[in-house]
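entry_30.csv (CSV, C-alpha atoms) appears below.
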chain,number,residue,atom,x,y,z
A,324,SER,CA,164.2,75.0,103.0
A,325,ASP,CA,166.6,72.2,102.1
A,326,SER,CA,169.8,74.0,103.1
A,327,GLU,CA,172.1,72.2,105.5
A,328,ASP,CA,172.1,75.1,108.0
A,329,GLU,CA,168.4,74.7,108.9
A,330,SER,CA,167.7,74.5,112.6
A,331,PRO,CA,166.1,71.2,113.7
A,332,ASP,CA,162.9,72.9,115.1
A,333,ARG,CA,162.4,75.0,112.0
A,334,LEU,CA,162.9,72.0,109.8
A,335,LEU,CA,160.3,70.1,111.9
A,336,LEU,CA,157.8,73.0,111.5
A,337,PHE,CA,158.5,73.1,107.8
A,338,ASN,CA,157.9,69.4,107.3
A,339,VAL,CA,154.7,69.5,109.4
A,340,LEU,CA,153.2,72.4,107.4
A,341,ARG,CA,154.3,70.9,104.1
A,342,ASP,CA,152.7,67.5,104.8
A,343,LEU,CA,149.5,69.1,106.1
A,344,CYS,CA,149.3,71.3,103.0
A,345,GLU,CA,149.7,68.3,100.7
A,346,ARG,CA,147.0,66.4,102.6
A,347,GLY,CA,144.7,69.4,102.6
A,348,GLY,CA,145.3,70.2,99.0
A,349,VAL,CA,145.2,66.7,97.5
A,350,GLU,CA,142.8,64.9,99.9
A,351,ASN,CA,140.6,68.0,100.3
A,352,LYS,CA,140.5,67.5,104.1
A,353,PRO,CA,140.3,70.4,106.6
A,354,PHE,CA,143.1,70.8,109.2
A,355,VAL,CA,143.7,73.4,111.9
A,356,VAL,CA,147.3,73.9,113.2
A,357,LEU,CA,147.7,75.4,116.6
A,358,LEU,CA,151.1,77.0,117.1
A,359,THR,CA,152.4,78.6,120.3
A,360,SER,CA,155.2,81.1,120.6
A,361,ASP,CA,157.6,78.2,121.4
A,362,ASP,CA,156.9,76.8,117.9
A,363,VAL,CA,157.7,80.0,116.1
A,364,PRO,CA,160.5,81.5,118.3
A,365,THR,CA,162.3,83.4,115.4
A,366,GLU,CA,161.5,85.4,112.3
A,367,GLN,CA,162.6,82.5,110.1
A,368,HIS,CA,159.9,80.3,111.7
A,369,MET,CA,157.3,83.0,111.4
A,370,ALA,CA,158.3,83.5,107.7
A,371,LEU,CA,157.1,80.0,106.9
A,372,VAL,CA,153.7,80.7,108.4
A,373,HIS,CA,153.5,84.0,106.7
A,374,GLU,CA,154.5,82.5,103.3
A,375,LEU,CA,151.7,79.9,103.7
A,376,MET,CA,148.9,82.2,104.9
A,377,CYS,CA,149.7,85.3,102.8
A,378,SER,CA,151.4,84.4,99.5
A,379,GLY,CA,149.9,80.9,99.1
A,380,ARG,CA,152.4,79.9,96.5
A,381,ILE,CA,154.3,77.0,98.0
A,382,GLU,CA,155.4,75.0,94.9
A,383,HIS,CA,159.0,75.5,95.9
A,384,TRP,CA,158.4,73.7,99.2
A,385,TYR,CA,158.3,70.4,97.3
A,386,SER,CA,161.0,68.5,95.4
A,387,ALA,CA,160.6,67.7,91.7
A,388,GLU,CA,159.4,64.2,92.5
A,389,GLN,CA,156.9,65.5,95.1
A,390,ARG,CA,155.5,68.1,92.6
A,391,VAL,CA,155.0,65.4,90.0
A,392,ARG,CA,153.2,63.3,92.6
A,393,ILE,CA,150.9,66.2,93.6
A,394,VAL,CA,150.0,67.1,90.0
A,395,ASN,CA,149.1,63.5,89.2
A,396,ASN,CA,147.0,63.1,92.4
A,397,MET,CA,145.0,66.2,91.4
A,398,ARG,CA,143.7,64.6,88.1
A,399,ALA,CA,140.6,63.2,89.7
A,400,THR,CA,139.7,66.5,91.4
A,401,ILE,CA,140.1,68.4,88.1
A,402,SER,CA,138.0,65.8,86.2
A,403,LYS,CA,135.2,66.1,88.8
A,404,GLN,CA,135.2,69.9,88.3
A,405,GLY,CA,135.0,69.5,84.5
A,406,LEU,CA,138.2,71.3,83.8
A,407,ASP,CA,140.9,70.6,81.2
A,408,TYR,CA,143.9,69.0,82.9
A,409,SER,CA,147.2,70.8,82.9
A,410,ASP,CA,150.0,71.4,85.4
A,411,ASP,CA,149.0,75.0,86.0
A,412,VAL,CA,145.3,74.0,86.5
A,413,ALA,CA,146.4,71.3,88.9
A,414,TRP,CA,148.5,73.7,90.9
A,415,GLU,CA,145.7,76.3,91.0
A,416,ALA,CA,143.2,73.7,92.3
A,417,PHE,CA,145.8,72.5,94.8
A,418,HIS,CA,146.3,76.0,96.2
A,419,ALA,CA,142.6,76.6,96.3
A,420,ASN,CA,142.1,73.5,98.4
A,421,ILE,CA,144.9,74.6,100.8
A,422,ARG,CA,143.4,78.1,101.2
A,423,ARG,CA,140.0,76.5,102.0
A,424,ASN,CA,141.1,73.6,104.2
A,425,VAL,CA,144.3,74.6,106.1
A,426,ARG,CA,144.0,77.0,109.0
A,427,VAL,CA,146.8,78.2,111.3
A,428,VAL,CA,146.1,79.5,114.7
A,429,LEU,CA,148.9,81.4,116.6
A,430,THR,CA,148.5,81.3,120.3
A,431,PHE,CA,150.4,83.8,122.5
A,432,THR,CA,150.3,83.7,126.3
A,433,SER,CA,150.5,86.8,128.4
A,434,CYS,CA,154.3,86.3,128.7
A,435,ASP,CA,154.9,86.3,125.0
A,436,SER,CA,154.4,90.0,124.3
A,437,GLU,CA,157.7,90.3,122.5
A,438,ALA,CA,156.9,87.5,120.1
A,439,PHE,CA,153.5,89.1,119.4
A,440,HIS,CA,155.0,92.5,118.7
A,441,MET,CA,157.5,90.8,116.3
A,442,CYS,CA,154.7,89.2,114.5
A,443,SER,CA,152.7,92.4,114.3
A,444,ARG,CA,155.7,94.5,113.0
A,445,HIS,CA,157.3,92.2,110.4
A,446,PHE,CA,154.4,90.0,109.4
A,447,SER,CA,151.4,92.3,109.5
A,448,GLY,CA,149.7,90.2,106.8
A,449,LEU,CA,149.1,87.5,109.4
A,450,LEU,CA,146.7,89.8,111.3
A,451,GLU,CA,144.3,89.5,108.4
A,452,GLY,CA,145.1,85.9,107.3
A,453,SER,CA,145.3,84.1,110.6
A,454,ALA,CA,143.5,83.9,113.9
A,455,LEU,CA,145.7,85.4,116.6
A,456,MET,CA,144.8,84.5,120.2
A,457,VAL,CA,146.3,85.8,123.4
A,458,ASP,CA,145.4,83.1,125.9
A,459,ASP,CA,146.9,80.9,128.5
A,460,PRO,CA,146.1,77.1,128.6
A,461,TRP,CA,143.8,76.2,131.4
A,462,THR,CA,145.3,74.6,134.5
A,463,GLU,CA,143.6,71.8,136.3
A,464,ASP,CA,142.1,74.3,138.8
A,465,THR,CA,140.7,76.4,136.0
A,466,LEU,CA,139.2,73.2,134.4
A,467,LEU,CA,137.6,72.4,137.7
A,468,ASP,CA,136.2,75.9,138.0
A,469,VAL,CA,134.8,75.8,134.5
A,470,ALA,CA,133.2,72.4,134.9
A,471,THR,CA,131.7,73.4,138.3
A,472,HIS,CA,130.3,76.6,136.9
A,473,MET,CA,128.7,74.7,133.9
A,474,LEU,CA,127.3,72.0,136.1
A,475,GLN,CA,125.8,74.5,138.5
A,476,GLU,CA,124.2,76.5,135.7
A,477,GLY,CA,122.8,73.3,134.3
A,478,GLU,CA,120.9,72.7,137.5
A,479,LEU,CA,121.0,69.0,137.0
A,480,PHE,CA,123.0,67.9,140.0
A,481,ALA,CA,122.7,68.5,143.7
A,482,SER,CA,125.1,71.0,145.1
A,483,GLU,CA,126.9,68.3,147.2
A,484,THR,CA,127.6,66.2,144.0
A,485,VAL,CA,128.7,68.9,141.7
A,486,ASP,CA,132.3,68.9,143.0
A,487,GLY,CA,132.6,65.1,142.4
A,488,MET,CA,131.1,65.4,138.9
A,489,ALA,CA,133.5,68.2,138.0
A,490,HIS,CA,136.6,66.1,139.1
A,491,MET,CA,135.3,63.2,137.0
A,492,CYS,CA,135.0,65.5,133.9
A,493,VAL,CA,138.6,66.8,134.4
A,494,GLU,CA,139.9,63.3,134.9
A,495,ILE,CA,138.3,62.1,131.6
A,496,HIS,CA,139.7,65.1,129.8
A,497,SER,CA,143.2,64.5,131.2
A,498,ILE,CA,143.1,60.8,130.1
A,499,SER,CA,142.0,61.8,126.6
A,500,LEU,CA,144.9,64.3,126.3
A,501,ALA,CA,147.3,61.7,127.6
A,502,THR,CA,146.1,59.2,125.0
A,503,LEU,CA,146.5,61.7,122.2
A,504,ASN,CA,150.0,62.6,123.3
A,505,ALA,CA,150.9,58.9,123.5
A,506,GLU,CA,149.6,58.3,120.0
A,507,ALA,CA,151.6,61.3,118.7
A,508,GLU,CA,154.8,60.0,120.3
A,509,ILE,CA,154.3,56.5,118.8
A,510,CYS,CA,153.8,58.0,115.3
A,511,SER,CA,156.7,60.3,115.8
A,512,ARG,CA,154.6,63.2,114.5
A,513,PRO,CA,153.8,66.5,116.3
A,514,LEU,CA,150.4,66.6,118.0
A,515,LEU,CA,148.1,69.2,116.4
A,516,GLN,CA,146.6,71.0,119.4
A,517,VAL,CA,143.2,72.2,118.3
A,518,GLY,CA,141.1,74.2,120.9
A,519,TYR,CA,141.6,72.0,124.0
A,520,ASN,CA,139.8,74.5,126.2
A,521,GLU,CA,136.8,74.6,123.8
A,522,MET,CA,137.0,70.8,123.5
A,523,PHE,CA,136.6,70.5,127.3
A,524,GLU,CA,133.7,72.9,127.4
A,525,SER,CA,132.0,70.9,124.5
A,526,PHE,CA,132.7,67.7,126.4
A,527,VAL,CA,131.0,69.0,129.6
A,528,ALA,CA,128.1,70.4,127.6
A,529,SER,CA,127.6,67.0,125.7
A,530,TYR,CA,127.8,65.1,129.0
A,531,MET,CA,125.1,67.4,130.5
A,532,LYS,CA,122.9,67.0,127.4
A,533,LEU,CA,123.1,63.2,127.6
A,534,TYR,CA,122.4,63.3,131.3
A,535,ARG,CA,119.5,65.7,130.8
A,536,ASN,CA,117.8,63.4,128.2
A,537,HIS,CA,117.9,60.4,130.6
A,538,TRP,CA,117.0,62.7,133.5
A,539,THR,CA,113.9,64.0,131.7
A,540,LEU,CA,112.2,60.6,131.5
A,541,ALA,CA,113.1,59.6,135.1
A,542,SER,CA,111.9,63.0,136.3
A,543,ALA,CA,108.5,62.6,134.6
A,544,ARG,CA,108.0,59.3,136.4
A,545,ARG,CA,109.2,60.7,139.6
A,546,ASN,CA,106.9,63.7,139.3
A,547,GLN,CA,103.9,61.5,138.9
A,548,LEU,CA,104.7,59.7,142.1
A,549,TRP,CA,105.6,63.0,143.8
A,550,ASP,CA,102.2,64.6,142.8
A,551,ALA,CA,100.3,61.7,144.4
A,552,VAL,CA,102.4,61.9,147.6
A,553,GLN,CA,101.9,65.7,147.6
A,554,ARG,CA,98.1,65.4,147.3
A,555,MET,CA,98.1,63.0,150.3
A,556,LYS,CA,100.3,65.4,152.2
A,557,GLU,CA,98.0,68.3,151.4
A,558,VAL,CA,95.0,66.5,153.0
A,559,ASP,CA,97.1,65.8,156.1
A,560,ARG,CA,98.4,69.4,156.2
A,561,ARG,CA,94.9,70.9,156.1
A,562,GLN,CA,93.7,68.7,158.9
A,563,ALA,CA,96.8,69.6,160.9
A,564,GLU,CA,96.2,73.3,160.2
A,565,ARG,CA,92.7,73.1,161.6
A,566,ARG,CA,94.0,71.4,164.8
A,567,GLU,CA,96.8,74.0,165.1
A,568,SER,CA,94.3,76.8,164.6
A,569,GLN,CA,92.2,75.6,167.5
A,570,LEU,CA,95.2,75.2,169.7
A,571,ASP,CA,96.5,78.6,168.7
A,572,GLY,CA,93.1,80.2,169.7
A,573,MET,CA,93.3,78.6,173.1
A,574,ALA,CA,96.9,79.7,173.5
A,575,LEU,CA,96.0,83.2,172.5
A,576,LEU,CA,93.3,83.5,175.1
A,577,GLU,CA,95.7,82.3,177.8
A,578,ASN,CA,98.3,84.8,176.6
A,579,LEU,CA,95.8,87.6,176.8
A,580,ALA,CA,94.9,86.7,180.4
A,581,MET,CA,98.6,86.5,181.4
A,582,THR,CA,99.3,89.8,179.6
A,583,ARG,CA,96.5,91.5,181.5
A,584,GLU,CA,97.9,90.3,184.8
A,585,LEU,CA,101.4,91.5,183.9
A,586,VAL,CA,100.0,94.9,182.9
A,587,LEU,CA,98.3,95.3,186.2
A,588,ALA,CA,101.4,94.3,188.1
A,589,GLN,CA,103.5,96.8,186.1
A,590,ILE,CA,101.0,99.6,186.8
A,591,GLY,CA,101.3,98.9,190.5
A,592,GLN,CA,105.1,99.1,190.3
A,593,ASP,CA,104.9,102.3,188.4
A,594,LEU,CA,102.7,103.8,191.1
A,595,VAL,CA,105.2,102.9,193.8
A,596,VAL,CA,108.0,104.4,191.8
A,597,VAL,CA,106.1,107.6,191.2
A,598,SER,CA,105.4,107.9,194.9
A,599,GLU,CA,109.1,107.5,195.7
A,600,TYR,CA,110.0,110.2,193.2
A,601,ASN,CA,107.4,112.6,194.8
A,602,MET,CA,109.0,112.0,198.2
A,603,ILE,CA,112.5,112.6,196.9
A,604,SER,CA,111.3,115.8,195.1
A,605,GLN,CA,109.7,117.1,198.3
A,606,LYS,CA,113.0,116.5,200.2
A,607,HIS,CA,115.0,118.4,197.6
A,608,LYS,CA,112.6,121.4,197.8
A,609,GLU,CA,112.9,121.5,201.6
A,610,TYR,CA,116.7,121.4,201.3
A,611,ILE,CA,116.7,124.3,198.8
A,612,ARG,CA,114.5,126.4,201.1
A,613,HIS,CA,117.0,125.7,203.9
A,614,LEU,CA,119.9,126.8,201.7
A,615,ARG,CA,118.2,130.0,200.8
A,616,LYS,CA,117.7,130.8,204.5
A,617,LYS,CA,121.4,130.2,205.2
A,618,LEU,CA,122.6,132.1,202.2
A,619,PRO,CA,122.8,135.6,203.9
A,620,GLU,CA,124.9,134.2,206.7
A,621,TYR,CA,127.3,132.6,204.2
A,622,GLU,CA,127.6,135.9,202.4
A,623,MET,CA,128.3,137.8,205.6
A,624,ALA,CA,131.0,135.3,206.6
A,625,SER,CA,132.6,135.6,203.1
A,626,GLU,CA,132.7,139.4,203.3
A,627,LYS,CA,134.3,139.2,206.8
A,628,SER,CA,137.0,136.7,205.5
A,629,LYS,CA,137.8,139.1,202.6
A,630,ARG,CA,138.3,142.0,205.1
A,631,ASP,CA,140.5,139.8,207.3
A,632,ILE,CA,142.7,138.8,204.3
A,633,VAL,CA,143.1,142.4,203.3
A,634,GLU,CA,144.1,143.4,206.9
A,635,LEU,CA,146.5,140.5,207.1
A,636,LYS,CA,148.2,141.5,203.8
A,637,GLU,CA,148.7,145.1,205.1
A,638,ARG,CA,150.2,143.8,208.3
A,639,ILE,CA,152.6,141.5,206.3
A,640,HIS,CA,153.7,144.4,204.1
A,641,GLU,CA,154.2,146.6,207.2
A,642,THR,CA,156.3,143.9,208.9
A,643,ILE,CA,158.4,143.3,205.7
A,644,GLY,CA,159.1,147.0,205.5
A,645,ARG,CA,160.7,147.0,209.0
A,646,VAL,CA,163.1,144.2,208.0
A,647,SER,CA,166.6,145.5,206.9
A,648,ILE,CA,169.7,143.8,205.5
A,649,ALA,CA,171.6,144.5,208.6
A,650,SER,CA,169.0,142.7,210.8
A,651,LEU,CA,169.2,139.7,208.5
A,652,GLN,CA,173.0,139.6,208.7
A,653,GLU,CA,172.7,139.9,212.5
A,654,LEU,CA,170.2,137.0,212.5
A,655,ARG,CA,172.6,134.9,210.5
A,656,LEU,CA,175.3,135.3,213.2
A,657,LEU,CA,173.0,134.1,216.1
A,658,SER,CA,174.1,131.1,218.0
A,659,PRO,CA,172.1,129.2,219.2
A,660,VAL,CA,169.2,130.1,216.9
A,661,PRO,CA,165.7,130.3,218.5
A,662,GLY,CA,163.4,127.6,217.2
A,663,ILE,CA,160.8,130.0,216.0
A,664,VAL,CA,163.3,131.8,213.8
A,665,GLU,CA,164.4,128.5,212.2
A,666,ASP,CA,160.8,127.5,211.6
A,667,VAL,CA,159.9,130.8,209.9
A,668,LEU,CA,163.0,130.6,207.6
A,669,ALA,CA,162.1,127.0,206.7
A,670,VAL,CA,158.6,128.1,205.7
A,671,VAL,CA,160.1,130.8,203.5
A,672,ILE,CA,162.4,128.3,201.8
A,673,ILE,CA,159.5,126.0,201.1
A,674,LEU,CA,157.4,128.8,199.7
A,675,THR,CA,160.2,130.3,197.5
A,676,LYS,CA,161.8,127.0,196.4
A,677,SER,CA,160.1,123.6,196.8
A,678,VAL,CA,158.9,121.3,199.5
A,679,THR,CA,162.0,119.1,198.9
A,680,ALA,CA,164.5,121.8,199.5
A,681,ASP,CA,167.0,121.6,202.4
A,682,VAL,CA,165.5,123.5,205.4
A,683,THR,CA,168.3,122.9,208.0
A,684,TRP,CA,169.9,126.0,209.6
A,685,SER,CA,173.5,125.2,208.6
A,686,ARG,CA,172.7,124.8,204.9
A,687,GLY,CA,169.3,126.0,203.8
A,688,CYS,CA,168.6,128.9,206.2
A,689,LYS,CA,172.2,130.4,206.3
A,690,ARG,CA,172.3,130.2,202.5
A,691,LEU,CA,169.0,132.0,202.2
A,692,LEU,CA,170.3,134.8,204.6
A,693,SER,CA,173.6,135.2,202.7
A,694,ASN,CA,171.6,135.9,199.5
A,695,ALA,CA,169.3,138.4,201.2
A,696,GLU,CA,170.6,141.3,199.1
A,697,ARG,CA,169.4,139.5,195.9

Using structure tokens, write down the structure from this file.
Amino acid sequence: SDSEDESPDRLLLFNVLRDLCERGGVENKPFVVLLTSDDVPTEQHMALVHELMCSGRIEHWYSAEQRVRIVNNMRATISKQGLDYSDDVAWEAFHANIRRNVRVVLTFTSCDSEAFHMCSRHFSGLLEGSALMVDDPWTEDTLLDVATHMLQEGELFASETVDGMAHMCVEIHSISLATLNAEAEICSRPLLQVGYNEMFESFVASYMKLYRNHWTLASARRNQLWDAVQRMKEVDRRQAERRESQLDGMALLENLAMTRELVLAQIGQDLVVVSEYNMISQKHKEYIRHLRKKLPEYEMASEKSKRDIVELKERIHETIGRVSIASLQELRLLSPVPGIVEDVLAVVIILTKSVTADVTWSRGCKRLLSNAER
């Protein structure tokens, strides 16, 4: 630990742990050291923590002069325990006090999975000898949420004042942390961060307890006055209820009279509607009877139309049969063309092609006659 190639941050960690162990062993005072993954970035840093928490034999951490000082300072402790003084007894008592008083808490955030895996693989003894927490420090928003939740559960404050009280608690907590950090910088010693989140919860709970004690006495006095006011209000309420009951009875009678008139008016409207429906139904029946009388005439006209269509189809087939290719070629050479012939060919073009086809004689009709063989 005294080699010249020690890194500055590891040397700082070593000095902090060594000083705390001396104070915890000699002065018999409890200490908790909160370390993050930034404080133990390498295996060499973790080895210091492992050596302290698992082996417990740290005489070699101290120089010869420091070891003499520690042994001499343990005389009073050994005398109180009724033991015979010796260097070995002094060191055993010193180590026993360290194991009882010094606690190391390693805190890993969710981004420190590699550091946690390194600790688990190479220093598995720490899993039994130390408290390993995977936790992120609370942000200001989280502190506000926690304070708001605790204040709401306490049911001491009105909902519109909870937010202001939560901000006040967070501000006091921030000022306390800033004061601790300033003192640590003045003393040029690292700040031992011990459960800041739990400390904030404890602070809010203590504040609520103090407020509740003062609130209980004030509430008792307020309740006495409130009960007297409520008794007076109860008398007024009963009188008001009797008056309202009388008014409600009169209003009910008036509503019944109005309802009866409305029902009679609705019945009259329904009778008119029913009469109109009967008249419409009678007209429909008469129209149906008229259609039934005309049905035979419609059927006869339909049969006649069918016979006419069949006769027309036969005449068309007969006419088509008399048309030859030669007559069509002769018709193509006519000049001038009779209008009726041009009209008939235009109809044929529209029926065989489309309504937008060219139906002029020079283009559409002659082209149709030239393709007659197809």

Quick one: distance from atom CA of Asp631 of chain A to atom CA of Gly644 of chain A in Å, one decimal?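 For atom CA of Asp631 of chain A relative to atom CA of Gly644 of chain A, the distance reads 20.0 Å.
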
Between atom CA of Ala413 of chain A and atom CA of Val372 of chain A, what distance in Å does the model show, to one decimal?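 A separation of 22.8 Å between them.
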
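Across the structure, atom CA of Gly687 of chain A and atom CA of Leu654 of chain A are spaced 14.1 Å apart.
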
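Residue nearest Leu358 of chain A, chosen from A:Leu336, A:Cys344, A:Ile611, A:Glu577 and counting only C-alpha atoms: A:Leu336.
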
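Near Trp461 of chain A, within 7 Å and counting all atoms listed in the file, sit Thr465, Leu466 and Asn520 of chain A, not including residues fewer than 3 positions from it in the same chain.
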
Extract, using all atoms listed in the file, all DNA, RNA and protein residues at most 12 Å from Cys492 of chain A, discarding same-chain residues fewer than 2 positions from it, and format them as number ranges by chain. A: 463, 466-471, 473-474, 485-490, 494-499, 522-531

Point out the residue among A:Ser685, A:Lys606, A:His640, A:Ala370 with the least atom-to-atom distance to Ser658 of chain A, counting all atoms listed in the file.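 Distance minimum relative to Ser658 of chain A lands on A:Ser685.
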
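Using all atoms listed in the file for every distance, the candidate list A:Leu340, A:Ala416, A:Leu651, A:Leu576 yields A:Ala416 as the residue closest to Ser402 of chain A.
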